[in-house]
Amino acid sequence: MPGRFLNLFKPLSRVTLEVKAPEKTVSFNEKLFWTFIVLAVYLIMSEVPLFGLKTSGLGDPLQAMRVIFASRHGTLMELGIGPIVTSGLILQLLVGAKFIECDLSNADDKALFTTANKFFAVLMTAFQAALYWFGGAWGSLSIETNVLIFLQLIAAGIILMLMDELVQKGWGIGSGISLFIAAGVAQTILWYSLSPLIGLTQDNKFLGAIPAFFQGLLNGEDLWTAIRRSGYPDMFGFISTIVIFVIVIYLEGIRVELPIMYARFRGYRGRFPVKLLYVSNIPVIFASALLANIYFGTQILWSRFNPNNDNLWLNLLGRFETVEGQLQPMSGSLAYYITSPRDIGHVLQDPLRGFTFIGITVALCAGFSATWMEVGGMGPRDVAKQLIDSGAQIPGFRRTYKSIEEILKKYIPTVTLLGGIIVGLVASTADFFNVFGSGMGVLLTVGILYQLYQTIMQERVSEMYPAIRRILGE
């Protein structure tokens, strides 16, 4: 039976918009079709400007975090997947910590949990849109225009939520949220690498790093000058992006493999992998969401109560100045140290900021890794139970929960903490080298593409050999 909290959403479940699961097996080609349709709609919404928005107010409040949340300033994707991800993660944490009674293996509980997730996603969308309004992120607009923009963001959030549900219900491949993140990062990398636009930069070169590089060489610049240009995409950032991609792909492949055997099938042996990136990209998403919300909160406080930087206590949270039409945090404030310098030259000018940002990011990723291992059902006790229930055991050890848990305790906590630290280091230091799409964006994209590849291979095998669907649980 659902817990008291979930029972509150029973009346709402009757009127909530829902995508029906397919009644028959959806072919691989049909899944590809719906996946591309969802992706196309998302990309179109990312280009459609908010009706009534003419000024940018504070500039881009979350410029550094846009790629992570698949959002784009001034468009229908102003908030991106931020509200959906935040509400989902909070509910999952509450369920994992047993604050909410919910058995996700039970159909009724799962349906009510989905309804609760949708409700809080819409609520979070309204809350974040209200913060933008209150913080003046859209500039000085009339109440009618602000209300119109507010309603557009609510509608866009609902459409995005339904598209994600369509993919996850089996009409598409993978997860809609993951697709949106990967599409945003890929779009940023391609644009910064190959953009043919000219006249948008102070050096009057192409915006794209590769065209600008060859343009510089043709104009007689030396190699280093052609490779590096401050404030714009350059070959230094392009090469750094490739290096980070290679590093993350390598890290994805590092794992400890424990031998297992199945009591039901004599002679059948396998391996249980404990990956270095054991909790995947969850720590990066948590850390990004927390830092982005703190940073935006400091901007709201500054714009409302300290625009002249004359309040000593509020200055500790956030001091800002306008540089080339954009607000930039000033040294000495929290907002300054929780944002990446984004350039190795800026790091050398102020090493304290760079080391502080690394320390904060690593600490958050390590902490969130350990937390998610416990509440996300990935701890040694939960994994031991899953192995025993599936009929598996580790050769040479008794087939009991306790014995397998003791073995897993030697690996899982250490790997989880080490993986969180490494993820934090890669994500924070990659930004110092002007990586396209940000270090966190590249980390997320590699993980998403790796999981998408596995899902596609599974779909292809299932379609070729239908009997395997029963083994895979489809």
# chains A, B, ... in the order shown; residues from 1 in each chain; ligands from 1
$ residues_around --residues "segment 5-9 of chain A" --least-positions-apart "3" --cutoff "8 Å" --atoms "only C-alpha atoms" --output "PyMOL selection string"
chain A and resi 2+12-13+100-102+109+112-113+115-116
$ write_last_selection --atoms "C-alpha atoms" --output "short mmCIF file (atom, residue, chain, number, x, y, z; two decimals), in the first residue's frame"
data_model
loop_
_atom_site.label_atom_id
_atom_site.label_comp_id
_atom_site.auth_asym_id
_atom_site.auth_seq_id
_atom_site.Cartn_x
_atom_site.Cartn_y
_atom_site.Cartn_z
CA PRO A 2 1.28 3.52 -0.78
CA LEU A 12 -4.36 14.43 -8.76
CA SER A 13 -3.38 11.25 -10.61
CA ILE A 100 8.71 8.80 2.10
CA GLU A 101 7.20 5.30 2.07
CA CYS A 102 7.41 4.04 -1.50
CA ASP A 109 3.40 3.16 -5.72
CA LEU A 112 1.72 7.76 -7.56
CA PHE A 113 5.45 8.53 -7.34
CA THR A 115 2.36 11.83 -10.32
CA ALA A 116 4.14 13.38 -7.32
#
$ select_by_dssp --residues "segment 237-470 of chain A" --states "helix (DSSP H, G or I)" --output "PDB file with C-alpha atoms, in the first residue's frame"
ATOM      1  CA  GLY A 237      40.007  25.010 -26.039  1.00  0.00           C
ATOM      2  CA  PHE A 238      39.287  22.654 -28.954  1.00  0.00           C
ATOM      3  CA  ILE A 239      42.357  20.500 -28.188  1.00  0.00           C
ATOM      4  CA  SER A 240      41.532  20.593 -24.459  1.00  0.00           C
ATOM      5  CA  THR A 241      38.006  19.357 -25.229  1.00  0.00           C
ATOM      6  CA  ILE A 242      39.363  16.358 -27.151  1.00  0.00           C
ATOM      7  CA  VAL A 243      41.828  15.558 -24.341  1.00  0.00           C
ATOM      8  CA  ILE A 244      39.071  15.679 -21.696  1.00  0.00           C
ATOM      9  CA  PHE A 245      36.866  13.428 -23.843  1.00  0.00           C
ATOM     10  CA  VAL A 246      39.692  10.857 -24.053  1.00  0.00           C
ATOM     11  CA  ILE A 247      40.370  11.055 -20.299  1.00  0.00           C
ATOM     12  CA  VAL A 248      36.694  10.583 -19.373  1.00  0.00           C
ATOM     13  CA  ILE A 249      36.285   7.673 -21.832  1.00  0.00           C
ATOM     14  CA  TYR A 250      39.323   6.044 -20.224  1.00  0.00           C
ATOM     15  CA  LEU A 251      37.903   6.580 -16.721  1.00  0.00           C
ATOM     16  CA  GLU A 252      34.588   5.042 -17.825  1.00  0.00           C
ATOM     17  CA  GLY A 253      36.434   1.818 -18.629  1.00  0.00           C
ATOM     18  CA  ILE A 282      24.869  11.930 -10.222  1.00  0.00           C
ATOM     19  CA  PRO A 283      27.503  13.857  -8.153  1.00  0.00           C
ATOM     20  CA  VAL A 284      28.142  16.261 -11.051  1.00  0.00           C
ATOM     21  CA  ILE A 285      24.428  16.979 -11.479  1.00  0.00           C
ATOM     22  CA  PHE A 286      23.932  17.548  -7.751  1.00  0.00           C
ATOM     23  CA  ALA A 287      27.009  19.779  -7.462  1.00  0.00           C
ATOM     24  CA  SER A 288      26.049  21.767 -10.560  1.00  0.00           C
ATOM     25  CA  ALA A 289      22.482  22.298  -9.348  1.00  0.00           C
ATOM     26  CA  LEU A 290      23.606  23.399  -5.893  1.00  0.00           C
ATOM     27  CA  LEU A 291      26.290  25.817  -7.119  1.00  0.00           C
ATOM     28  CA  ALA A 292      23.988  27.242  -9.801  1.00  0.00           C
ATOM     29  CA  ASN A 293      21.187  27.904  -7.305  1.00  0.00           C
ATOM     30  CA  ILE A 294      23.561  29.483  -4.787  1.00  0.00           C
ATOM     31  CA  TYR A 295      25.075  31.701  -7.476  1.00  0.00           C
ATOM     32  CA  PHE A 296      21.679  32.792  -8.776  1.00  0.00           C
ATOM     33  CA  GLY A 297      20.531  33.446  -5.208  1.00  0.00           C
ATOM     34  CA  THR A 298      23.468  35.784  -4.619  1.00  0.00           C
ATOM     35  CA  GLN A 299      22.582  37.677  -7.810  1.00  0.00           C
ATOM     36  CA  ILE A 300      18.991  38.138  -6.650  1.00  0.00           C
ATOM     37  CA  LEU A 301      20.126  39.449  -3.257  1.00  0.00           C
ATOM     38  CA  TRP A 302      22.590  41.789  -4.942  1.00  0.00           C
ATOM     39  CA  SER A 303      20.092  43.169  -7.471  1.00  0.00           C
ATOM     40  CA  ARG A 304      17.388  43.729  -4.857  1.00  0.00           C
ATOM     41  CA  PHE A 305      19.252  44.834  -1.764  1.00  0.00           C
ATOM     42  CA  LEU A 312      29.218  44.652   4.154  1.00  0.00           C
ATOM     43  CA  TRP A 313      27.368  41.432   4.964  1.00  0.00           C
ATOM     44  CA  LEU A 314      25.737  41.016   1.555  1.00  0.00           C
ATOM     45  CA  ASN A 315      29.109  41.722  -0.070  1.00  0.00           C
ATOM     46  CA  LEU A 316      30.363  38.510   1.511  1.00  0.00           C
ATOM     47  CA  LEU A 317      27.715  36.619  -0.463  1.00  0.00           C
ATOM     48  CA  LEU A 334      31.120  33.707  -2.244  1.00  0.00           C
ATOM     49  CA  ALA A 335      29.773  34.080  -5.789  1.00  0.00           C
ATOM     50  CA  TYR A 336      33.323  34.719  -7.010  1.00  0.00           C
ATOM     51  CA  TYR A 337      34.768  31.524  -5.550  1.00  0.00           C
ATOM     52  CA  ILE A 344      44.176  29.312 -17.378  1.00  0.00           C
ATOM     53  CA  GLY A 345      45.346  32.929 -17.550  1.00  0.00           C
ATOM     54  CA  HIS A 346      42.734  33.968 -14.970  1.00  0.00           C
ATOM     55  CA  VAL A 347      43.800  31.052 -12.756  1.00  0.00           C
ATOM     56  CA  LEU A 348      47.422  32.211 -12.843  1.00  0.00           C
ATOM     57  CA  GLN A 349      46.318  35.752 -11.947  1.00  0.00           C
ATOM     58  CA  PRO A 351      45.394  30.999  -7.925  1.00  0.00           C
ATOM     59  CA  LEU A 352      43.336  31.199  -4.725  1.00  0.00           C
ATOM     60  CA  ARG A 353      40.113  31.339  -6.730  1.00  0.00           C
ATOM     61  CA  GLY A 354      41.140  28.333  -8.817  1.00  0.00           C
ATOM     62  CA  PHE A 355      42.125  26.180  -5.832  1.00  0.00           C
ATOM     63  CA  THR A 356      39.018  27.213  -3.891  1.00  0.00           C
ATOM     64  CA  PHE A 357      36.758  26.291  -6.806  1.00  0.00           C
ATOM     65  CA  ILE A 358      38.503  22.921  -7.149  1.00  0.00           C
ATOM     66  CA  GLY A 359      38.189  22.274  -3.413  1.00  0.00           C
ATOM     67  CA  ILE A 360      34.480  23.125  -3.308  1.00  0.00           C
ATOM     68  CA  THR A 361      33.668  21.048  -6.407  1.00  0.00           C
ATOM     69  CA  VAL A 362      35.670  18.016  -5.242  1.00  0.00           C
ATOM     70  CA  ALA A 363      34.156  18.153  -1.746  1.00  0.00           C
ATOM     71  CA  LEU A 364      30.606  18.368  -3.128  1.00  0.00           C
ATOM     72  CA  CYS A 365      31.119  15.549  -5.646  1.00  0.00           C
ATOM     73  CA  ALA A 366      32.701  13.279  -3.016  1.00  0.00           C
ATOM     74  CA  GLY A 367      29.935  14.034  -0.516  1.00  0.00           C
ATOM     75  CA  PHE A 368      27.141  13.520  -3.022  1.00  0.00           C
ATOM     76  CA  SER A 369      28.770  10.274  -4.236  1.00  0.00           C
ATOM     77  CA  ALA A 370      28.752   8.813  -0.726  1.00  0.00           C
ATOM     78  CA  THR A 371      25.197  10.049  -0.100  1.00  0.00           C
ATOM     79  CA  TRP A 372      23.802   8.687  -3.352  1.00  0.00           C
ATOM     80  CA  MET A 373      25.485   5.314  -2.774  1.00  0.00           C
ATOM     81  CA  GLU A 374      23.491   4.953   0.442  1.00  0.00           C
ATOM     82  CA  VAL A 375      20.112   6.390  -0.551  1.00  0.00           C
ATOM     83  CA  PRO A 380      27.113  -2.959  -0.257  1.00  0.00           C
ATOM     84  CA  ARG A 381      24.022  -4.204   1.605  1.00  0.00           C
ATOM     85  CA  ASP A 382      21.626  -3.387  -1.260  1.00  0.00           C
ATOM     86  CA  VAL A 383      23.922  -4.847  -3.926  1.00  0.00           C
ATOM     87  CA  ALA A 384      24.449  -8.007  -1.851  1.00  0.00           C
ATOM     88  CA  LYS A 385      20.685  -8.456  -1.599  1.00  0.00           C
ATOM     89  CA  GLN A 386      20.288  -7.962  -5.363  1.00  0.00           C
ATOM     90  CA  LEU A 387      22.975 -10.567  -6.101  1.00  0.00           C
ATOM     91  CA  ILE A 388      21.512 -13.142  -3.701  1.00  0.00           C
ATOM     92  CA  ASP A 389      17.957 -12.566  -4.963  1.00  0.00           C
ATOM     93  CA  TYR A 401      23.799 -11.627   2.556  1.00  0.00           C
ATOM     94  CA  LYS A 402      26.380 -10.969   5.270  1.00  0.00           C
ATOM     95  CA  SER A 403      29.336 -12.682   3.607  1.00  0.00           C
ATOM     96  CA  ILE A 404      28.778 -10.999   0.223  1.00  0.00           C
ATOM     97  CA  GLU A 405      28.166  -7.634   1.904  1.00  0.00           C
ATOM     98  CA  GLU A 406      31.519  -7.908   3.699  1.00  0.00           C
ATOM     99  CA  ILE A 407      33.289  -8.552   0.387  1.00  0.00           C
ATOM    100  CA  LEU A 408      31.544  -5.638  -1.319  1.00  0.00           C
ATOM    101  CA  LYS A 409      32.423  -3.317   1.576  1.00  0.00           C
ATOM    102  CA  ILE A 412      32.232  -0.147  -3.182  1.00  0.00           C
ATOM    103  CA  PRO A 413      32.732   2.619  -0.522  1.00  0.00           C
ATOM    104  CA  THR A 414      36.359   3.192  -1.555  1.00  0.00           C
ATOM    105  CA  VAL A 415      35.591   3.220  -5.279  1.00  0.00           C
ATOM    106  CA  THR A 416      32.594   5.516  -4.722  1.00  0.00           C
ATOM    107  CA  LEU A 417      34.606   8.088  -2.790  1.00  0.00           C
ATOM    108  CA  LEU A 418      37.591   7.894  -5.155  1.00  0.00           C
ATOM    109  CA  GLY A 419      35.305   8.197  -8.186  1.00  0.00           C
ATOM    110  CA  GLY A 420      33.596  11.273  -6.715  1.00  0.00           C
ATOM    111  CA  ILE A 421      36.956  12.949  -6.078  1.00  0.00           C
ATOM    112  CA  ILE A 422      38.210  12.186  -9.600  1.00  0.00           C
ATOM    113  CA  VAL A 423      34.963  13.407 -11.180  1.00  0.00           C
ATOM    114  CA  GLY A 424      35.216  16.648  -9.189  1.00  0.00           C
ATOM    115  CA  LEU A 425      38.850  17.151 -10.206  1.00  0.00           C
ATOM    116  CA  VAL A 426      38.185  16.543 -13.906  1.00  0.00           C
ATOM    117  CA  ALA A 427      35.061  18.709 -13.979  1.00  0.00           C
ATOM    118  CA  SER A 428      36.674  21.662 -12.187  1.00  0.00           C
ATOM    119  CA  THR A 429      40.127  21.680 -13.803  1.00  0.00           C
ATOM    120  CA  ALA A 430      38.749  21.126 -17.328  1.00  0.00           C
ATOM    121  CA  ASP A 431      37.063  24.525 -17.156  1.00  0.00           C
ATOM    122  CA  GLY A 439      34.116  20.117 -17.968  1.00  0.00           C
ATOM    123  CA  MET A 440      30.901  19.044 -16.254  1.00  0.00           C
ATOM    124  CA  GLY A 441      29.092  19.032 -19.603  1.00  0.00           C
ATOM    125  CA  VAL A 442      31.718  16.772 -21.195  1.00  0.00           C
ATOM    126  CA  LEU A 443      31.578  14.404 -18.202  1.00  0.00           C
ATOM    127  CA  LEU A 444      27.810  14.144 -18.475  1.00  0.00           C
ATOM    128  CA  THR A 445      27.864  13.710 -22.248  1.00  0.00           C
ATOM    129  CA  VAL A 446      30.408  10.891 -22.259  1.00  0.00           C
ATOM    130  CA  GLY A 447      28.413   9.026 -19.608  1.00  0.00           C
ATOM    131  CA  ILE A 448      25.151   9.596 -21.486  1.00  0.00           C
ATOM    132  CA  LEU A 449      26.588   8.471 -24.828  1.00  0.00           C
ATOM    133  CA  TYR A 450      28.098   5.372 -23.192  1.00  0.00           C
ATOM    134  CA  GLN A 451      24.718   4.410 -21.676  1.00  0.00           C
ATOM    135  CA  LEU A 452      22.933   5.232 -24.944  1.00  0.00           C
ATOM    136  CA  TYR A 453      25.314   2.955 -26.848  1.00  0.00           C
ATOM    137  CA  GLN A 454      24.602   0.106 -24.410  1.00  0.00           C
ATOM    138  CA  THR A 455      20.844   0.680 -24.731  1.00  0.00           C
ATOM    139  CA  ILE A 456      20.985   0.692 -28.539  1.00  0.00           C
ATOM    140  CA  MET A 457      23.006  -2.532 -28.580  1.00  0.00           C
ATOM    141  CA  GLN A 458      20.496  -4.113 -26.194  1.00  0.00           C
ATOM    142  CA  GLU A 459      17.605  -2.981 -28.400  1.00  0.00           C
ATOM    143  CA  ARG A 460      19.238  -4.405 -31.515  1.00  0.00           C
ATOM    144  CA  VAL A 461      19.937  -7.755 -29.840  1.00  0.00           C
ATOM    145  CA  SER A 462      16.381  -7.899 -28.458  1.00  0.00           C
ATOM    146  CA  GLU A 463      14.936  -7.242 -31.902  1.00  0.00           C
ATOM    147  CA  MET A 464      17.102  -9.888 -33.575  1.00  0.00           C
ATOM    148  CA  ILE A 468      16.210 -12.538 -25.064  1.00  0.00           C
ATOM    149  CA  ARG A 469      13.587  -9.924 -24.121  1.00  0.00           C
ATOM    150  CA  ARG A 470      12.441 -12.189 -21.268  1.00  0.00           C
TER     151      ARG A 470
END
$ atom_distance --atom1 "atom CA of Gly318 of chain A" --atom2 "atom CA of Ala130 of chain A"
20.4 Å
$ residues_around --residues "segment 202-204 of chain A" --least-positions-apart "2" --cutoff "10 Å" --atoms "only C-alpha atoms" --output "count of residues only"
11
$ residues_around --residues "Met124 of chain A" --least-positions-apart "6" --cutoff "9 Å" --atoms "only C-alpha atoms" --output "PDB file with N, CA and C atoms, in the first residue's frame"
ATOM      1  N   GLY A  82      16.309  21.945 -15.497  1.00  0.00           N
ATOM      2  CA  GLY A  82      16.624  22.198 -14.095  1.00  0.00           C
ATOM      3  C   GLY A  82      15.508  21.834 -13.128  1.00  0.00           C
ATOM      4  N   PRO A  83      14.282  22.366 -13.317  1.00  0.00           N
ATOM      5  CA  PRO A  83      13.195  22.042 -12.384  1.00  0.00           C
ATOM      6  C   PRO A  83      12.859  20.553 -12.350  1.00  0.00           C
ATOM      7  N   ILE A  84      12.867  19.894 -13.518  1.00  0.00           N
ATOM      8  CA  ILE A  84      12.518  18.468 -13.579  1.00  0.00           C
ATOM      9  C   ILE A  84      13.554  17.632 -12.847  1.00  0.00           C
ATOM     10  N   THR A  86      15.788  18.656 -10.567  1.00  0.00           N
ATOM     11  CA  THR A  86      15.838  18.996  -9.141  1.00  0.00           C
ATOM     12  C   THR A  86      14.718  18.312  -8.373  1.00  0.00           C
ATOM     13  N   SER A  87      13.490  18.376  -8.884  1.00  0.00           N
ATOM     14  CA  SER A  87      12.362  17.755  -8.187  1.00  0.00           C
ATOM     15  C   SER A  87      12.529  16.240  -8.125  1.00  0.00           C
TER      16      SER A  87
END
$ atom_distance --atom1 "atom CA of Lys275 of chain A" --atom2 "atom CA of Ser178 of chain A"
19.9 Å
$ closest_residue --among "A:Val185, A:Leu50, A:Gly376, A:Thr145" --to "Ala70 of chain A" --atoms "only C-alpha atoms"
A:Val185
$ closest_atom_pairs --of "segment 152-177 of chain A" --to "segment 22-33 of chain A" --cutoff "7 Å" --atoms "only C-alpha atoms" --output "tab-separated table"
residue	atom	partner	partner_atom	distance
A:Gly170	CA	A:Pro22	CA	6.8
A:Trp171	CA	A:Lys31	CA	5.4
A:Gly172	CA	A:Lys31	CA	4.3
A:Ile173	CA	A:Lys31	CA	6.1
$ closest_residue --among "A:Phe272, A:Tyr278, A:Phe150, A:Trp191" --to "Asp234 of chain A" --atoms "only C-alpha atoms"
A:Trp191
$ closest_residue --among "A:Met161, A:Ala107, A:Ala226, A:Leu131" --to "Val19 of chain A" --atoms "only C-alpha atoms"
A:Met161
$ residues_around --residues "Asp164 of chain A" --least-positions-apart "2" --cutoff "12 Å" --atoms "only C-alpha atoms" --output "PDB file with N, CA and C atoms, in the first residue's frame"
ATOM      1  N   GLU A  18      -0.571  12.469 -19.028  1.00  0.00           N
ATOM      2  CA  GLU A  18       0.264  11.274 -19.011  1.00  0.00           C
ATOM      3  C   GLU A  18       0.436  10.723 -20.422  1.00  0.00           C
ATOM      4  N   VAL A  19       1.628  10.218 -20.683  1.00  0.00           N
ATOM      5  CA  VAL A  19       1.897   9.522 -21.942  1.00  0.00           C
ATOM      6  C   VAL A  19       1.683   8.032 -21.698  1.00  0.00           C
ATOM      7  N   TRP A  34      10.762   8.331 -32.956  1.00  0.00           N
ATOM      8  CA  TRP A  34      10.226   9.162 -31.869  1.00  0.00           C
ATOM      9  C   TRP A  34      11.337   9.873 -31.103  1.00  0.00           C
ATOM     10  N   THR A  35      12.503   9.226 -30.994  1.00  0.00           N
ATOM     11  CA  THR A  35      13.636   9.871 -30.325  1.00  0.00           C
ATOM     12  C   THR A  35      14.080  11.113 -31.090  1.00  0.00           C
ATOM     13  N   ILE A  37      12.209  12.857 -33.172  1.00  0.00           N
ATOM     14  CA  ILE A  37      11.137  13.855 -33.094  1.00  0.00           C
ATOM     15  C   ILE A  37      11.245  14.659 -31.802  1.00  0.00           C
ATOM     16  N   VAL A  38      11.424  13.956 -30.684  1.00  0.00           N
ATOM     17  CA  VAL A  38      11.567  14.623 -29.379  1.00  0.00           C
ATOM     18  C   VAL A  38      12.774  15.551 -29.382  1.00  0.00           C
ATOM     19  N   LEU A  39      13.882  15.062 -29.933  1.00  0.00           N
ATOM     20  CA  LEU A  39      15.103  15.864 -29.980  1.00  0.00           C
ATOM     21  C   LEU A  39      14.908  17.102 -30.853  1.00  0.00           C
ATOM     22  N   VAL A  41      12.053  18.692 -31.496  1.00  0.00           N
ATOM     23  CA  VAL A  41      11.165  19.641 -30.798  1.00  0.00           C
ATOM     24  C   VAL A  41      11.948  20.409 -29.736  1.00  0.00           C
ATOM     25  N   TYR A  42      12.810  19.700 -29.017  1.00  0.00           N
ATOM     26  CA  TYR A  42      13.634  20.369 -27.999  1.00  0.00           C
ATOM     27  C   TYR A  42      14.538  21.434 -28.634  1.00  0.00           C
ATOM     28  N   ILE A  81      16.026  21.733 -18.162  1.00  0.00           N
ATOM     29  CA  ILE A  81      15.609  20.563 -17.385  1.00  0.00           C
ATOM     30  C   ILE A  81      15.837  20.762 -15.896  1.00  0.00           C
ATOM     31  N   ILE A  84      12.867  19.894 -13.518  1.00  0.00           N
ATOM     32  CA  ILE A  84      12.518  18.468 -13.579  1.00  0.00           C
ATOM     33  C   ILE A  84      13.554  17.632 -12.847  1.00  0.00           C
ATOM     34  N   VAL A  85      14.835  17.901 -13.107  1.00  0.00           N
ATOM     35  CA  VAL A  85      15.910  17.143 -12.473  1.00  0.00           C
ATOM     36  C   VAL A  85      15.926  17.392 -10.971  1.00  0.00           C
ATOM     37  N   LYS A 118       5.732  14.728 -11.180  1.00  0.00           N
ATOM     38  CA  LYS A 118       5.210  15.717 -12.133  1.00  0.00           C
ATOM     39  C   LYS A 118       4.725  16.968 -11.406  1.00  0.00           C
ATOM     40  N   GLY A 157       7.823  23.930 -19.654  1.00  0.00           N
ATOM     41  CA  GLY A 157       8.240  22.912 -18.693  1.00  0.00           C
ATOM     42  C   GLY A 157       7.377  21.672 -18.770  1.00  0.00           C
ATOM     43  N   ILE A 158       6.069  21.835 -18.929  1.00  0.00           N
ATOM     44  CA  ILE A 158       5.157  20.696 -19.036  1.00  0.00           C
ATOM     45  C   ILE A 158       5.432  19.903 -20.320  1.00  0.00           C
ATOM     46  N   ILE A 159       5.650  20.617 -21.434  1.00  0.00           N
ATOM     47  CA  ILE A 159       5.955  19.941 -22.706  1.00  0.00           C
ATOM     48  C   ILE A 159       7.246  19.140 -22.588  1.00  0.00           C
ATOM     49  N   LEU A 160       8.258  19.739 -21.968  1.00  0.00           N
ATOM     50  CA  LEU A 160       9.542  19.062 -21.792  1.00  0.00           C
ATOM     51  C   LEU A 160       9.380  17.808 -20.931  1.00  0.00           C
ATOM     52  N   MET A 161       8.582  17.916 -19.889  1.00  0.00           N
ATOM     53  CA  MET A 161       8.337  16.787 -18.992  1.00  0.00           C
ATOM     54  C   MET A 161       7.635  15.641 -19.724  1.00  0.00           C
ATOM     55  N   LEU A 162       6.645  15.979 -20.577  1.00  0.00           N
ATOM     56  CA  LEU A 162       5.922  14.959 -21.324  1.00  0.00           C
ATOM     57  C   LEU A 162       6.819  14.306 -22.387  1.00  0.00           C
ATOM     58  N   LEU A 166       7.630  10.397 -22.663  1.00  0.00           N
ATOM     59  CA  LEU A 166       7.408   9.647 -23.895  1.00  0.00           C
ATOM     60  C   LEU A 166       8.594   8.741 -24.204  1.00  0.00           C
ATOM     61  N   VAL A 167       9.797   9.281 -24.044  1.00  0.00           N
ATOM     62  CA  VAL A 167      11.000   8.486 -24.319  1.00  0.00           C
ATOM     63  C   VAL A 167      11.147   7.373 -23.293  1.00  0.00           C
ATOM     64  N   GLN A 168      10.954   7.707 -22.004  1.00  0.00           N
ATOM     65  CA  GLN A 168      11.177   6.725 -20.951  1.00  0.00           C
ATOM     66  C   GLN A 168      10.103   5.643 -20.916  1.00  0.00           C
ATOM     67  N   LYS A 169       8.892   5.942 -21.403  1.00  0.00           N
ATOM     68  CA  LYS A 169       7.820   4.947 -21.383  1.00  0.00           C
ATOM     69  C   LYS A 169       8.030   3.847 -22.424  1.00  0.00           C
ATOM     70  N   GLY A 170       9.043   3.973 -23.278  1.00  0.00           N
ATOM     71  CA  GLY A 170       9.321   2.919 -24.248  1.00  0.00           C
ATOM     72  C   GLY A 170       9.099   3.310 -25.687  1.00  0.00           C
ATOM     73  N   TRP A 171       8.657   4.553 -25.914  1.00  0.00           N
ATOM     74  CA  TRP A 171       8.482   5.007 -27.294  1.00  0.00           C
ATOM     75  C   TRP A 171       9.811   5.416 -27.920  1.00  0.00           C
ATOM     76  N   GLY A 172      10.764   5.801 -27.088  1.00  0.00           N
ATOM     77  CA  GLY A 172      12.069   6.227 -27.586  1.00  0.00           C
ATOM     78  C   GLY A 172      13.186   5.401 -26.985  1.00  0.00           C
ATOM     79  N   ILE A 173      14.402   5.888 -27.117  1.00  0.00           N
ATOM     80  CA  ILE A 173      15.585   5.176 -26.629  1.00  0.00           C
ATOM     81  C   ILE A 173      16.253   5.997 -25.532  1.00  0.00           C
ATOM     82  N   GLY A 174      16.512   5.361 -24.396  1.00  0.00           N
ATOM     83  CA  GLY A 174      17.212   6.022 -23.310  1.00  0.00           C
ATOM     84  C   GLY A 174      16.301   6.904 -22.485  1.00  0.00           C
ATOM     85  N   SER A 175      16.811   8.075 -22.128  1.00  0.00           N
ATOM     86  CA  SER A 175      16.086   9.037 -21.299  1.00  0.00           C
ATOM     87  C   SER A 175      16.030  10.375 -22.022  1.00  0.00           C
ATOM     88  N   GLY A 176      14.858  11.011 -21.986  1.00  0.00           N
ATOM     89  CA  GLY A 176      14.723  12.314 -22.633  1.00  0.00           C
ATOM     90  C   GLY A 176      15.635  13.348 -22.017  1.00  0.00           C
ATOM     91  N   ILE A 177      15.709  13.368 -20.686  1.00  0.00           N
ATOM     92  CA  ILE A 177      16.565  14.331 -19.982  1.00  0.00           C
ATOM     93  C   ILE A 177      18.015  14.185 -20.433  1.00  0.00           C
ATOM     94  N   SER A 178      18.484  12.938 -20.501  1.00  0.00           N
ATOM     95  CA  SER A 178      19.868  12.691 -20.938  1.00  0.00           C
ATOM     96  C   SER A 178      20.087  13.142 -22.371  1.00  0.00           C
ATOM     97  N   LEU A 179      19.102  12.896 -23.227  1.00  0.00           N
ATOM     98  CA  LEU A 179      19.221  13.316 -24.626  1.00  0.00           C
ATOM     99  C   LEU A 179      19.344  14.828 -24.737  1.00  0.00           C
ATOM    100  N   PHE A 180      18.552  15.549 -23.945  1.00  0.00           N
ATOM    101  CA  PHE A 180      18.583  17.011 -24.002  1.00  0.00           C
ATOM    102  C   PHE A 180      19.940  17.549 -23.556  1.00  0.00           C
ATOM    103  N   ILE A 181      20.497  16.950 -22.498  1.00  0.00           N
ATOM    104  CA  ILE A 181      21.822  17.387 -22.022  1.00  0.00           C
ATOM    105  C   ILE A 181      22.873  17.128 -23.097  1.00  0.00           C
TER     106      ILE A 181
END
$ select_by_dssp --residues "segment 297-448 of chain A" --states "strand (DSSP E or B)" --output "PyMOL selection string"
chain A and resi 320-323+326-329+392-393
$ closest_residue --among "A:Met45, A:Met261, A:Leu223, A:Ala111" --to "Lys10 of chain A" --atoms "only C-alpha atoms"
A:Ala111
$ decode --residues "segment 218-230 of chain A" --atoms "C-alpha atoms" --output "PDB file, in the first residue's frame"
ATOM      1  CA  LEU A 218      46.568  32.932 -43.545  1.00  0.00           C
ATOM      2  CA  ASN A 219      46.847  36.458 -42.105  1.00  0.00           C
ATOM      3  CA  GLY A 220      50.459  35.820 -41.114  1.00  0.00           C
ATOM      4  CA  GLU A 221      50.026  35.208 -37.374  1.00  0.00           C
ATOM      5  CA  ASP A 222      52.535  32.994 -35.579  1.00  0.00           C
ATOM      6  CA  LEU A 223      51.337  29.558 -34.441  1.00  0.00           C
ATOM      7  CA  TRP A 224      50.749  30.433 -30.757  1.00  0.00           C
ATOM      8  CA  THR A 225      48.807  33.602 -31.573  1.00  0.00           C
ATOM      9  CA  ALA A 226      46.622  31.638 -33.985  1.00  0.00           C
ATOM     10  CA  ILE A 227      45.989  28.947 -31.366  1.00  0.00           C
ATOM     11  CA  ARG A 228      45.171  31.260 -28.458  1.00  0.00           C
ATOM     12  CA  ARG A 229      42.738  34.169 -28.306  1.00  0.00           C
ATOM     13  CA  SER A 230      41.326  35.430 -25.037  1.00  0.00           C
TER      14      SER A 230
END
